[in-house]
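Asker: What follows is entry_24.csv, made up of CSV, C-alpha atoms:
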```csv
chain,number,residue,atom,x,y,z
A,189,MET,CA,0.0,0.0,0.0
A,190,ALA,CA,1.3,3.4,-1.0
A,191,LYS,CA,2.2,5.7,1.9
A,192,MET,CA,-0.5,8.1,3.1
A,193,LYS,CA,0.0,11.5,4.7
A,194,LEU,CA,-2.0,12.8,7.6
A,195,LEU,CA,-2.0,16.4,8.6
A,196,TYR,CA,-3.0,16.5,12.2
A,197,SER,CA,-2.5,18.1,15.6
A,198,PRO,CA,-1.9,15.9,18.7
A,199,ALA,CA,-4.6,17.9,20.7
A,200,SER,CA,-7.3,17.6,18.0
A,201,PRO,CA,-10.1,15.1,18.9
A,202,TYR,CA,-11.1,14.8,15.3
A,203,ALA,CA,-7.6,13.9,14.3
A,204,ARG,CA,-7.5,11.5,17.3
A,205,LYS,CA,-10.6,9.7,15.8
A,206,VAL,CA,-8.7,9.2,12.6
A,207,ARG,CA,-5.5,8.0,14.3
A,208,ALA,CA,-7.6,5.6,16.4
A,209,VAL,CA,-9.2,4.2,13.3
A,210,ALA,CA,-5.8,3.8,11.8
A,211,VAL,CA,-4.5,1.9,14.9
A,212,HIS,CA,-7.6,-0.3,14.9
A,213,ALA,CA,-7.2,-1.0,11.2
A,214,GLY,CA,-3.5,-1.8,11.5
A,215,LEU,CA,-2.8,1.0,9.0
A,216,LEU,CA,-0.8,3.4,11.2
A,217,LYS,CA,2.5,2.2,9.7
A,218,ASN,CA,1.3,3.2,6.3
A,219,ILE,CA,0.7,6.8,7.3
A,220,ASP,CA,3.2,9.7,7.7
A,221,LEU,CA,1.9,11.8,10.5
A,222,VAL,CA,2.7,15.5,10.0
A,223,MET,CA,1.9,18.1,12.7
A,224,ALA,CA,0.0,21.1,11.3
A,225,PRO,CA,-0.8,23.7,14.0
A,226,LEU,CA,-3.7,26.0,13.2
A,227,SER,CA,-6.8,27.6,14.7
A,228,PRO,CA,-9.9,29.3,13.2
A,229,ILE,CA,-8.0,32.6,13.2
A,230,ALA,CA,-4.5,31.3,12.4
A,231,PRO,CA,-4.7,29.2,9.2
A,232,ASN,CA,-2.0,26.8,8.1
A,233,ALA,CA,-0.9,27.1,4.5
A,234,GLU,CA,-0.1,23.4,4.0
A,235,VAL,CA,-3.6,22.4,5.3
A,236,ASP,CA,-5.3,25.1,3.2
A,237,ALA,CA,-3.6,23.8,0.0
A,238,ARG,CA,-5.1,20.4,0.6
A,239,ASN,CA,-8.3,21.2,2.4
A,240,PRO,CA,-10.2,24.4,1.6
A,241,VAL,CA,-12.1,24.2,4.9
A,242,GLY,CA,-8.8,24.7,6.6
A,243,LYS,CA,-9.0,22.1,9.3
A,244,VAL,CA,-7.2,19.0,10.5
A,245,PRO,CA,-7.3,16.1,10.0
A,246,THR,CA,-6.6,16.0,6.3
A,247,LEU,CA,-5.5,12.8,4.6
A,248,SER,CA,-3.6,12.6,1.3
A,249,ALA,CA,-4.0,9.1,-0.1
A,250,ASP,CA,-4.4,7.5,-3.5
A,251,GLY,CA,-4.0,10.8,-5.3
A,252,MET,CA,-6.9,12.4,-3.3
A,253,ASN,CA,-7.0,14.9,-0.4
A,254,LEU,CA,-9.6,13.6,1.9
A,255,PHE,CA,-11.6,15.4,4.7
A,256,ASP,CA,-13.4,15.8,7.0
A,257,SER,CA,-12.7,13.3,9.8
A,258,ALA,CA,-15.8,11.2,8.9
A,259,VAL,CA,-14.7,10.7,5.3
A,260,ILE,CA,-11.2,9.8,6.4
A,261,CYS,CA,-12.4,7.3,9.0
A,262,GLU,CA,-14.6,5.6,6.5
A,263,TYR,CA,-11.8,5.6,3.9
A,264,LEU,CA,-9.4,3.9,6.2
A,265,ASP,CA,-12.0,1.4,7.4
A,266,SER,CA,-12.6,0.5,3.8
A,267,LYS,CA,-8.9,-0.3,3.4
A,268,SER,CA,-8.8,-2.4,6.6
A,269,ARG,CA,-8.7,-6.2,6.8
A,270,LYS,CA,-9.6,-6.0,10.5
A,271,PRO,CA,-13.2,-6.2,11.8
A,272,LYS,CA,-14.9,-3.2,10.3
A,273,LEU,CA,-15.8,-0.2,12.4
A,274,TYR,CA,-18.7,0.7,10.0
A,275,PRO,CA,-21.5,-1.9,10.1
A,276,ALA,CA,-22.5,-2.5,6.5
A,277,LYS,CA,-26.3,-1.9,6.9
A,278,GLY,CA,-29.4,-2.0,9.0
A,279,LYS,CA,-30.0,-1.1,12.6
A,280,ALA,CA,-26.4,-1.7,13.5
A,281,ARG,CA,-25.3,0.9,11.0
A,282,TRP,CA,-27.7,3.5,12.2
A,283,THR,CA,-26.8,2.9,15.8
A,284,ALA,CA,-23.1,3.4,15.0
A,285,LEU,CA,-23.7,6.5,12.9
A,286,ARG,CA,-26.0,8.0,15.5
A,287,LEU,CA,-23.4,7.5,18.2
A,288,HIS,CA,-20.8,9.0,15.9
A,289,ALA,CA,-23.1,12.0,15.5
A,290,MET,CA,-23.5,12.3,19.3
A,291,GLY,CA,-19.7,12.2,19.8
A,292,ASP,CA,-19.0,14.7,17.0
A,293,GLY,CA,-21.9,16.9,18.3
A,294,LEU,CA,-20.4,16.9,21.8
A,295,LEU,CA,-17.0,17.8,20.3
A,296,ASP,CA,-18.3,20.6,18.0
A,297,ALA,CA,-19.9,22.2,21.1
A,298,ALA,CA,-16.8,21.6,23.3
A,299,LEU,CA,-14.5,23.2,20.6
A,300,LEU,CA,-16.8,26.2,20.3
A,301,TRP,CA,-16.9,26.6,24.0
A,302,ARG,CA,-13.2,26.6,24.2
A,303,TYR,CA,-12.7,29.0,21.3
A,304,GLU,CA,-15.1,31.3,23.1
A,305,ASN,CA,-13.3,31.1,26.5
A,306,THR,CA,-9.7,30.7,25.5
A,307,LEU,CA,-9.1,32.0,22.0
A,308,ARG,CA,-11.5,35.0,21.9
A,309,PRO,CA,-10.4,38.2,23.6
A,310,GLU,CA,-11.9,38.3,27.1
A,311,ALA,CA,-13.9,41.5,26.5
A,312,LEU,CA,-15.8,39.9,23.6
A,313,ARG,CA,-17.0,36.7,25.3
A,314,TRP,CA,-20.7,36.0,25.4
A,315,SER,CA,-22.0,34.0,28.3
A,316,ASP,CA,-25.2,33.0,26.5
A,317,TRP,CA,-23.2,31.4,23.8
A,318,SER,CA,-21.1,29.4,26.2
A,319,ALA,CA,-24.2,28.3,28.1
A,320,GLY,CA,-25.8,27.2,24.9
A,321,GLN,CA,-22.8,25.0,23.9
A,322,MET,CA,-22.5,23.6,27.5
A,323,LYS,CA,-26.1,22.6,27.3
A,324,LYS,CA,-25.3,20.5,24.3
A,325,ILE,CA,-22.4,18.8,26.0
A,326,VAL,CA,-24.5,18.0,29.0
A,327,GLY,CA,-27.4,16.8,26.9
A,328,VAL,CA,-25.2,14.4,24.9
A,329,LEU,CA,-23.6,13.0,28.1
A,330,ASP,CA,-27.0,12.5,29.7
A,331,ARG,CA,-28.3,10.7,26.6
A,332,LEU,CA,-25.2,8.5,26.4
A,333,GLU,CA,-25.6,7.5,30.1
A,334,LYS,CA,-29.2,6.4,29.2
A,335,GLU,CA,-28.0,4.5,26.1
A,336,ALA,CA,-24.8,3.1,27.6
A,337,ALA,CA,-25.9,-0.4,26.5
A,338,SER,CA,-25.5,0.6,22.9
A,339,LEU,CA,-21.8,1.3,23.4
A,340,ALA,CA,-21.2,-2.3,24.5
A,341,GLY,CA,-19.8,-5.1,22.2
A,342,ARG,CA,-17.4,-4.8,19.4
A,343,ALA,CA,-15.9,-1.3,18.7
A,344,THR,CA,-17.7,0.7,16.0
A,345,ILE,CA,-17.0,4.2,14.6
A,346,GLY,CA,-19.7,5.2,17.1
A,347,SER,CA,-18.1,3.9,20.3
A,348,LEU,CA,-14.7,5.1,19.1
A,349,THR,CA,-16.0,8.6,18.5
A,350,VAL,CA,-17.7,8.7,21.9
A,351,GLY,CA,-14.4,7.6,23.4
A,352,CYS,CA,-12.6,10.5,21.7
A,353,ALA,CA,-15.2,12.9,23.0
A,354,LEU,CA,-14.9,11.7,26.6
A,355,GLY,CA,-11.1,11.7,26.3
A,356,TYR,CA,-11.3,15.3,25.1
A,357,LEU,CA,-13.4,16.3,28.1
A,358,ASP,CA,-10.7,14.6,30.4
A,359,PHE,CA,-8.0,16.5,28.5
A,360,ARG,CA,-9.5,20.0,28.1
A,361,PHE,CA,-12.4,20.1,30.7
A,362,ALA,CA,-10.7,18.5,33.6
A,363,ASP,CA,-12.5,20.7,36.1
A,364,PHE,CA,-15.9,19.6,34.7
A,365,ASP,CA,-16.6,16.3,36.4
A,366,TRP,CA,-18.6,14.6,33.6
A,367,ARG,CA,-18.5,11.2,35.4
A,368,LYS,CA,-20.7,12.6,38.3
A,369,GLY,CA,-24.1,11.1,38.0
A,370,ARG,CA,-23.1,9.0,34.9
A,371,PRO,CA,-21.7,5.7,36.4
A,372,LYS,CA,-22.5,3.5,33.4
A,373,LEU,CA,-20.7,5.8,30.9
A,374,ALA,CA,-17.7,6.2,33.3
A,375,LYS,CA,-17.4,2.5,33.7
A,376,TRP,CA,-17.6,1.9,30.0
A,377,TRP,CA,-14.9,4.5,29.2
A,378,ALA,CA,-12.6,3.2,32.0
A,379,LYS,CA,-12.4,-0.1,30.0
A,380,PHE,CA,-12.8,1.1,26.5
A,381,GLY,CA,-10.1,3.7,27.0
A,382,GLU,CA,-7.5,0.9,27.4
A,383,LEU,CA,-8.0,-0.5,23.9
A,384,PRO,CA,-4.9,0.2,21.8
A,385,ALA,CA,-6.9,2.5,19.5
A,386,MET,CA,-7.5,4.7,22.5
A,387,ALA,CA,-4.5,4.2,24.6
A,388,GLU,CA,-2.0,4.9,21.8
A,389,THR,CA,-3.7,8.1,20.7
A,390,ARG,CA,-4.1,10.0,24.0
A,391,PRO,CA,-4.1,13.8,23.3
A,392,THR,CA,-1.2,16.0,24.2
A,393,ALA,CA,-1.0,19.8,24.2
B,12,MET,CA,-43.8,2.5,4.8
B,13,ALA,CA,-44.6,4.0,8.3
B,14,LYS,CA,-44.8,7.7,8.4
B,15,MET,CA,-41.6,9.5,9.4
B,16,LYS,CA,-41.4,12.9,11.2
B,17,LEU,CA,-38.8,15.5,10.4
B,18,LEU,CA,-38.2,18.4,12.7
B,19,TYR,CA,-36.8,21.2,10.5
B,20,SER,CA,-36.7,24.9,9.8
B,21,PRO,CA,-37.4,26.3,6.4
B,22,ALA,CA,-34.3,28.4,6.5
B,23,SER,CA,-31.8,25.7,7.6
B,24,PRO,CA,-29.5,24.6,4.8
B,25,TYR,CA,-28.9,21.3,6.6
B,26,ALA,CA,-32.6,20.6,6.8
B,27,ARG,CA,-32.9,21.6,3.1
B,28,LYS,CA,-30.3,18.9,2.3
B,29,VAL,CA,-32.5,16.3,4.0
B,30,ARG,CA,-35.7,17.6,2.3
B,31,ALA,CA,-33.8,17.5,-1.1
B,32,VAL,CA,-32.8,13.9,-0.5
B,33,ALA,CA,-36.4,13.1,0.4
B,34,VAL,CA,-37.7,14.8,-2.9
B,35,HIS,CA,-35.1,12.9,-4.9
B,36,ALA,CA,-35.9,9.6,-3.2
B,37,GLY,CA,-39.7,10.1,-3.7
B,38,LEU,CA,-40.1,9.8,0.1
B,39,LEU,CA,-41.4,13.3,0.9
B,40,LYS,CA,-45.0,12.0,1.1
B,41,ASN,CA,-43.9,9.6,3.8
B,42,ILE,CA,-42.6,12.4,6.0
B,43,ASP,CA,-44.5,14.8,8.4
B,44,LEU,CA,-42.6,18.1,8.3
B,45,VAL,CA,-42.7,19.9,11.6
B,46,MET,CA,-41.2,23.3,12.0
B,47,ALA,CA,-39.0,23.6,15.0
B,48,PRO,CA,-37.5,27.1,15.4
B,49,LEU,CA,-34.3,27.3,17.5
B,50,SER,CA,-30.9,28.9,17.7
B,51,PRO,CA,-27.7,28.1,19.6
B,52,ILE,CA,-28.9,30.3,22.4
B,53,ALA,CA,-32.6,29.5,22.2
B,54,PRO,CA,-33.2,25.7,22.4
B,55,ASN,CA,-36.3,23.9,21.3
B,56,ALA,CA,-37.7,21.4,23.8
B,57,GLU,CA,-39.2,19.0,21.2
B,58,VAL,CA,-35.8,18.9,19.4
B,59,ASP,CA,-33.9,18.4,22.6
B,60,ALA,CA,-36.1,15.5,23.5
B,61,ARG,CA,-35.1,13.7,20.3
B,62,ASN,CA,-31.6,15.1,19.6
B,63,PRO,CA,-29.3,16.0,22.5
B,64,VAL,CA,-27.2,18.1,20.2
B,65,GLY,CA,-30.2,20.4,19.9
B,66,LYS,CA,-30.2,21.0,16.2
B,67,VAL,CA,-32.4,20.5,13.2
B,68,PRO,CA,-32.8,18.4,11.1
B,69,THR,CA,-33.9,15.5,13.4
B,70,LEU,CA,-35.7,12.6,11.9
B,71,SER,CA,-37.9,10.1,13.8
B,72,ALA,CA,-38.3,6.9,11.8
B,73,ASP,CA,-38.5,3.2,12.5
B,74,GLY,CA,-38.4,3.7,16.3
B,75,MET,CA,-35.2,5.8,16.1
B,76,ASN,CA,-34.4,9.5,16.4
B,77,LEU,CA,-31.7,10.1,13.8
B,78,PHE,CA,-29.3,13.0,13.4
B,79,ASP,CA,-27.2,14.8,12.1
B,80,SER,CA,-28.1,15.7,8.5
B,81,ALA,CA,-25.5,13.3,7.1
B,82,VAL,CA,-27.0,10.3,8.9
B,83,ILE,CA,-30.5,11.2,7.9
B,84,CYS,CA,-29.6,11.7,4.3
B,85,GLU,CA,-27.9,8.3,4.2
B,86,TYR,CA,-30.9,6.7,5.9
B,87,LEU,CA,-33.4,8.1,3.4
B,88,ASP,CA,-31.2,7.2,0.5
B,89,SER,CA,-31.0,3.6,1.8
B,90,LYS,CA,-34.9,3.5,1.7
B,91,SER,CA,-35.0,4.9,-1.8
B,92,ARG,CA,-35.8,2.9,-5.0
B,93,LYS,CA,-34.6,5.8,-7.1
B,94,PRO,CA,-31.0,6.1,-8.3
B,95,LYS,CA,-28.8,6.3,-5.2
B,96,LEU,CA,-27.2,9.5,-4.1
B,97,TYR,CA,-24.5,7.6,-2.2
B,98,PRO,CA,-22.2,5.7,-4.6
B,99,ALA,CA,-21.6,2.3,-3.1
B,100,LYS,CA,-17.8,2.3,-3.1
B,101,GLY,CA,-14.5,3.3,-4.8
B,102,LYS,CA,-13.5,6.7,-6.2
B,103,ALA,CA,-17.1,7.7,-7.0
B,104,ARG,CA,-17.9,7.4,-3.3
B,105,TRP,CA,-14.9,9.4,-2.1
B,106,THR,CA,-15.6,12.1,-4.7
B,107,ALA,CA,-19.2,12.4,-3.5
B,108,LEU,CA,-18.3,12.3,0.2
B,109,ARG,CA,-15.5,14.9,-0.3
B,110,LEU,CA,-17.9,17.2,-2.1
B,111,HIS,CA,-20.4,16.7,0.7
B,112,ALA,CA,-17.6,17.7,3.2
B,113,MET,CA,-16.9,20.8,1.2
B,114,GLY,CA,-20.5,21.8,1.1
B,115,ASP,CA,-21.0,21.2,4.8
B,116,GLY,CA,-17.7,22.9,5.5
B,117,LEU,CA,-18.8,26.0,3.7
B,118,LEU,CA,-22.1,25.9,5.5
B,119,ASP,CA,-20.5,25.4,9.0
B,120,ALA,CA,-18.4,28.5,8.3
B,121,ALA,CA,-21.4,30.5,6.9
B,122,LEU,CA,-23.5,29.7,9.9
B,123,LEU,CA,-20.8,30.7,12.3
B,124,TRP,CA,-20.3,33.9,10.4
B,125,ARG,CA,-24.0,34.7,10.6
B,126,TYR,CA,-24.2,33.9,14.3
B,127,GLU,CA,-21.3,36.2,14.9
B,128,ASN,CA,-22.8,39.1,12.9
B,129,THR,CA,-26.5,38.8,13.5
B,130,LEU,CA,-27.1,36.8,16.7
B,131,ARG,CA,-24.3,38.0,18.9
B,132,PRO,CA,-24.6,41.4,20.6
B,133,GLU,CA,-22.8,43.9,18.4
B,134,ALA,CA,-20.4,44.9,21.2
B,135,LEU,CA,-19.1,41.4,21.5
B,136,ARG,CA,-18.3,40.7,17.8
B,137,TRP,CA,-14.8,39.7,16.8
B,138,SER,CA,-13.6,40.7,13.3
B,139,ASP,CA,-10.8,38.1,13.3
B,140,TRP,CA,-13.3,35.3,13.9
B,141,SER,CA,-15.5,36.6,11.0
B,142,ALA,CA,-12.5,36.9,8.7
B,143,GLY,CA,-11.4,33.3,9.6
B,144,GLN,CA,-14.8,31.9,8.7
B,145,MET,CA,-15.1,34.0,5.5
B,146,LYS,CA,-11.7,32.7,4.4
B,147,LYS,CA,-13.1,29.1,4.6
B,148,ILE,CA,-16.2,30.1,2.5
B,149,VAL,CA,-14.0,31.7,-0.2
B,150,GLY,CA,-11.5,28.8,-0.1
B,151,VAL,CA,-14.3,26.2,-0.7
B,152,LEU,CA,-15.8,28.3,-3.5
B,153,ASP,CA,-12.4,28.6,-5.2
B,154,ARG,CA,-11.8,24.9,-4.9
B,155,LEU,CA,-15.2,24.1,-6.3
B,156,GLU,CA,-14.6,26.3,-9.3
B,157,LYS,CA,-11.4,24.4,-10.0
B,158,GLU,CA,-13.1,21.0,-9.5
B,159,ALA,CA,-16.4,22.0,-11.2
B,160,ALA,CA,-16.1,19.0,-13.5
B,161,SER,CA,-16.6,16.7,-10.5
B,162,LEU,CA,-20.1,18.1,-10.0
B,163,ALA,CA,-21.3,17.0,-13.5
B,164,GLY,CA,-23.2,13.9,-14.2
B,165,ARG,CA,-25.9,12.2,-12.1
B,166,ALA,CA,-26.7,13.9,-8.8
B,167,THR,CA,-24.9,12.6,-5.7
B,168,ILE,CA,-25.0,13.6,-2.0
B,169,GLY,CA,-22.0,15.7,-2.9
B,170,SER,CA,-23.5,17.8,-5.7
B,171,LEU,CA,-26.7,18.1,-3.8
B,172,THR,CA,-24.9,19.4,-0.7
B,173,VAL,CA,-22.9,21.9,-2.7
B,174,GLY,CA,-26.2,23.1,-4.2
B,175,CYS,CA,-27.6,23.6,-0.7
B,176,ALA,CA,-24.5,25.6,0.2
B,177,LEU,CA,-24.7,27.8,-2.9
B,178,GLY,CA,-28.4,28.3,-2.3
B,179,TYR,CA,-27.7,29.4,1.2
B,180,LEU,CA,-25.2,32.0,0.0
B,181,ASP,CA,-27.9,33.3,-2.4
B,182,PHE,CA,-30.4,33.4,0.5
B,183,ARG,CA,-28.3,34.8,3.4
B,184,PHE,CA,-25.3,36.4,1.7
B,185,ALA,CA,-27.0,38.1,-1.2
B,186,ASP,CA,-24.6,41.0,-1.1
B,187,PHE,CA,-21.6,38.7,-1.4
B,188,ASP,CA,-21.3,38.0,-5.2
B,189,TRP,CA,-20.0,34.4,-5.0
B,190,ARG,CA,-20.5,34.0,-8.8
B,191,LYS,CA,-17.8,36.7,-9.6
B,192,GLY,CA,-14.7,34.9,-10.9
B,193,ARG,CA,-16.4,31.5,-10.7
B,194,PRO,CA,-18.2,31.1,-14.0
B,195,LYS,CA,-18.1,27.3,-14.1
B,196,LEU,CA,-19.7,27.0,-10.7
B,197,ALA,CA,-22.3,29.6,-11.5
B,198,LYS,CA,-23.2,27.8,-14.7
B,199,TRP,CA,-23.5,24.5,-13.0
B,200,TRP,CA,-25.7,25.8,-10.2
B,201,ALA,CA,-28.0,27.7,-12.7
B,202,LYS,CA,-28.9,24.3,-14.1
B,203,PHE,CA,-28.7,22.1,-11.1
B,204,GLY,CA,-30.8,24.5,-9.1
B,205,GLU,CA,-33.8,23.7,-11.4
B,206,LEU,CA,-33.9,20.0,-10.4
B,207,PRO,CA,-37.0,19.2,-8.4
B,208,ALA,CA,-34.9,18.3,-5.3
B,209,MET,CA,-33.5,21.9,-5.3
B,210,ALA,CA,-36.4,23.9,-6.8
B,211,GLU,CA,-39.0,22.4,-4.3
B,212,THR,CA,-36.8,23.1,-1.3
B,213,ARG,CA,-35.8,26.7,-1.7
B,214,PRO,CA,-35.2,28.4,1.7
B,215,THR,CA,-37.6,30.9,3.2
B,216,ALA,CA,-37.1,33.1,6.3
```
Translate the structure of the given file into C-alpha cells.

Answerer:
Amino acid sequence: MAKMKLLYSPASPYARKVRAVAVHAGLLKNIDLVMAPLSPIAPNAEVDARNPVGKVPTLSADGMNLFDSAVICEYLDSKSRKPKLYPAKGKARWTALRLHAMGDGLLDAALLWRYENTLRPEALRWSDWSAGQMKKIVGVLDRLEKEAASLAGRATIGSLTVGCALGYLDFRFADFDWRKGRPKLAKWWAKFGELPAMAETRPTA
Amino acid sequence: MAKMKLLYSPASPYARKVRAVAVHAGLLKNIDLVMAPLSPIAPNAEVDARNPVGKVPTLSADGMNLFDSAVICEYLDSKSRKPKLYPAKGKARWTALRLHAMGDGLLDAALLWRYENTLRPEALRWSDWSAGQMKKIVGVLDRLEKEAASLAGRATIGSLTVGCALGYLDFRFADFDWRKGRPKLAKWWAKFGELPAMAETRPTA
C-alpha cells in the first residue's frame, strides 16, 4: 500500500478519531503523521492547500486529499482487513452512525466553548453562547448514560468517537466532572479507553 | 412505509439537504414536516427530547431518532428505490463524500459567520473570527470552481450538498457576489438548481 500522509494536531479530537481508526485498522505504519498547527483565526498554508475548509485532519491518499474526519475514517476502514468499524447496513449501522453524530456533536460544542473562552479576547466573550454550547455537551452526556448499553460489544465508529469525545473532556475540561451522575458511561470508558486504538492516541497539548 | 417525522426549519440549509434527498428519493409524502424554530442560544424542547445536540434536522423513523443531517440523508437514501445519491464504493464514493464535506464545511463557516454578525450582541463581535470563517467560505468556493467537472453527471449527495451551500449564500449572503470569478460553478448551479430536489426546497425566512 502506498504511503499516506495525515496532517494532524496531537490535541485535535477529530484527528485522534482518525488516528484511532488507523490503529484499529493496522494502518498506522502506512501513514506519515505531519503536525499542522492551526486555529480558526490562524490558518495553516499546508492544510489550506489540501483542504479548503482549513481544518485537521486532512489525509492525502491514492491521489486524493480527503476530509473531514468522517470521510477519512470511512476511507481507512474500507482499506482495513480487521473487523470493520462501520457496520454495513441495517440497525447496527444507524446505531453506530448516530453514536458517531453524538460524539461529534459533543466535540463541536466543546470546541466552540473553548474558542469562546480561551481564543476570543476576554472582553468579547458572550455567556449566553457558552451556556448554549455547554447545554449540548451535558445533553449528549446524559443521553449517552441512558443509552450506555448501545456502546457495548465490538468497537464501531460510534463507540470510538464517543471515546474521543470523553477523552477530550478529560483533556480540556478536567474541572468539569462529567463522570458525576453517569456511572455507566464512566465504567464503559474506563475499560474502552484501554483499547490500543484509544491508549495509543491520547491527546497531548 | 410507516410515516416519518422531520423536525426542521425552512431556513436551515442542513434541513434543506434532507428535504432535497427526500424529494429525490420520492419519500417526501412519507414524512411529516414539523417546524422547530431554534438557535444556539434558544433551544427547542421538542428537538432536545429527540436530539441531545439540539439541532435541526432531526428525523424520527423506525423507532429511532436520527441526526445529524449526514446520517438522515444516508438513511433516506437507503430506503430509496430511485438512483442512489451515495455511490456504493470506490473513487465515486470518495468524490461524493468529499464534495459533501466541502458543502458542509462551507455551511458550517457561513452559519458561524452569521451567528457572529446577527445573533451575537454587536459589542461582542470579533472581526478576526468573522475573517477566519469568511476565508473558509472563499476557499471552498475557489476549490469548487477548480473542480467543477466533478459536479457534473448524475446527482450525488456531494453535488446536492454543494447546491444547498450555494443556495444558502444566495439566501443569506446576497450582497456577497460568489459568482464573480467563478463562471463554471455559477453555470453548474444555474442548471442544477432547477432540479425538483432543489427547486422544491428553496429556503424561506

Asker: Select, as a ChimeraX atom specification, those residues of chain B with any atom no more than 7 Å from chain A (distances computed using all atoms listed in the file).

Answerer: /B:51-52,63-65,77-79,82,108-109,112-113,116,135-137,139-140,143,147,150-151,154

Asker: Please work out which residues fall within 8 Å of (-36.7, 21.6, 0.4), coordinates as given in the file, with all atoms listed in the file counting, and return them as JSON, numbers by chain.

Answerer: {"B": [21, 26, 27, 28, 29, 30, 31, 34, 208, 209, 210, 211, 212, 213, 214]}

Asker: For CA of Gly351 in chain A and CA of Lys368 in chain A, quote the distance in Å rounded to one decimal.

Answerer: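 About the pair CA of Gly351 in chain A and CA of Lys368 in chain A: they are 16.9 Å apart.
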
Asker: Write out as a list in words the residues lying within 9 Å of Lys95 in chain B, counting all atoms listed in the file and excluding same-chain residues fewer than 3 positions away.

Answerer: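 After dropping sequence-adjacent residues, the list is Ala36, Asp88, Ser89, Ser91, Arg92, Pro98, Ala99, Ala166, Thr167 and Ile168 of chain B.
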
Asker: What's the separation between CA of Leu295 in chain A and CA of Phe359 in chain A, in Å to one decimal place?

Answerer: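 Value for the CA of Leu295 in chain A-CA of Phe359 in chain A distance: 12.2 Å.
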
Asker: Would you mind reading off the distance between CA of Leu39 in chain B and CA of Ala121 in chain B, one decimal, in Å?

Answerer: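 Those two atoms sit 27.1 Å apart.
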
Asker: Just want the 12 Å neighbourhood of Gly341 in chain A, counted on only C-alpha atoms, with same-chain residues fewer than 2 positions away dropped. Output as a list in words.

Answerer: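 These residues fall inside the cut-off: Leu273, Ala280, Ala284, Ala336, Ala337, Ser338, Leu339, Ala343, Thr344, Gly346, Ser347, Leu348, Trp376, Lys379 and Phe380 of chain A.
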